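Structure first, commentary second.
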Amino acid sequence: GATGESTSIVAPTVRTVISASTTAKSGSVTFTDNAVIAGTHGVATTLVDQLIGPAAPDAQHSCTTASYQPDAVAGRFADVTVTQDQTVTTNPLTIAKQPTAGCYTAWESLAIAGPNGTPRTVYTKALGSEAAEIALTSPTPAPPATPTPTPPAPPGRAHSGGSIAESGGKVNTGQPGPGQHGQRWAVPAGGVLLTAAGLLLWAYRRRRAPQ
């Protein structure tokens, strides 16, 4: 360049540790990313951090061999302006859980302002290159089982003129008859059916009762 012109050489690196947290029976999961940024040489840069996934875990429920696609963006953390080599923690990013377990990874890049103010990417991390930036989430919890309602018991038969006696199928009217010191028995009103044995016993006692 011209005499007196200086050029800042930016060769940054980013190492990250992603974390995922959720509560029991929750239908969502919250991610944060701790990024260690180095090699900026004091040049102001912008950390762009995206969450990629979900990718399917392997048969051992591990993300070791998971395959991530750059266009499978589950969300984006808020951009962070960095003015020096430092460690930054992104704002939390909450997404809905998926029906199956999934692997997610943070994908970071650094950009600086170009001559006309347009951001220019100076660093992009290899997708899924660090185990520490990969998180495995559990599937969406199953909804609680709905108990089967118990059908109501059938209504009992209404009786007229008193209660049905335990023996003989007769009705106790609660009123003593002539010459009786106890309660008088009578055929219930309302067409209540008596058993054959109860009817014969009632007729026998009726015939022997004093008039």
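In the structure tokens, chains take the letters A, B, ... in the order shown, each chain's residues start at 1, and ligands count up from 1 in the order shown.
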Give me, as a PDB file with C-alpha atoms, in the first residue's frame, all polymer residues having an atom no more than 12 Å from Asn34 of chain A, counting only C-alpha atoms and skipping those fewer than 5 positions away in the same chain.
```pdb
ATOM      1  CA  VAL A  14     -13.365 -19.290  18.251  1.00  0.00           C
ATOM      2  CA  ARG A  15     -13.685 -22.122  20.709  1.00  0.00           C
ATOM      3  CA  THR A  16     -17.083 -22.688  22.289  1.00  0.00           C
ATOM      4  CA  VAL A  17     -18.950 -24.662  24.912  1.00  0.00           C
ATOM      5  CA  ILE A  18     -22.690 -24.974  24.345  1.00  0.00           C
ATOM      6  CA  SER A  19     -25.125 -25.860  27.084  1.00  0.00           C
ATOM      7  CA  ALA A  20     -28.752 -26.940  26.962  1.00  0.00           C
ATOM      8  CA  LEU A  47     -19.837 -12.770  16.650  1.00  0.00           C
ATOM      9  CA  ASP A  49     -23.770 -17.590  16.323  1.00  0.00           C
ATOM     10  CA  PHE A  77     -28.315 -16.206  19.110  1.00  0.00           C
ATOM     11  CA  VAL A  80     -22.262  -9.924  20.056  1.00  0.00           C
ATOM     12  CA  GLN A  86     -12.301 -12.279  25.198  1.00  0.00           C
ATOM     13  CA  THR A  87     -14.854 -14.842  26.329  1.00  0.00           C
ATOM     14  CA  VAL A  88     -18.498 -13.983  25.726  1.00  0.00           C
ATOM     15  CA  THR A  89     -21.720 -15.738  26.658  1.00  0.00           C
ATOM     16  CA  THR A  90     -24.635 -15.472  24.276  1.00  0.00           C
ATOM     17  CA  ASN A  91     -28.129 -14.565  25.351  1.00  0.00           C
ATOM     18  CA  PRO A  92     -30.311 -17.648  25.969  1.00  0.00           C
ATOM     19  CA  ALA A 106     -23.436 -24.012  17.642  1.00  0.00           C
ATOM     20  CA  TRP A 107     -22.013 -22.591  14.417  1.00  0.00           C
ATOM     21  CA  GLU A 108     -19.980 -19.427  14.860  1.00  0.00           C
ATOM     22  CA  ALA A 132     -18.075 -29.269  23.438  1.00  0.00           C
ATOM     23  CA  GLU A 133     -20.302 -27.295  21.077  1.00  0.00           C
TER      24      GLU A 133
END
```
Backbone DSSP call of strand (DSSP E or B) for segment 8-60 of chain A, listed as number ranges by chain
A: 13-21, 28-38, 45-55
Would you pick out the contacts of Gln69 of chain A at 9 Å or less, using only C-alpha atoms, so that residues sharing its chain but fewer than 6 positions from it are not included, and give the list as a CSV table (one decimal) with N, CA and C atoms, in the first residue's frame?
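File part26.csv, as written:
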```
chain,number,residue,atom,x,y,z
A,52,ILE,N,-27.7,-25.0,14.9
A,52,ILE,CA,-28.0,-25.9,13.8
A,52,ILE,C,-28.5,-27.3,14.3
A,53,GLY,N,-29.6,-27.8,13.7
A,53,GLY,CA,-30.1,-29.0,14.1
A,53,GLY,C,-31.6,-29.1,14.0
A,55,ALA,N,-30.0,-33.0,14.4
A,55,ALA,CA,-29.5,-34.1,13.6
A,55,ALA,C,-29.8,-35.4,14.4
A,127,LEU,N,-18.4,-26.7,10.8
A,127,LEU,CA,-19.7,-27.1,11.4
A,127,LEU,C,-19.5,-28.4,12.2
```
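Take the candidates A:Thr94, A:Thr100, A:Gln50, A:Thr13 and check each one against Thr137 of chain A using only C-alpha atoms; the shortest distance goes to A:Thr100.
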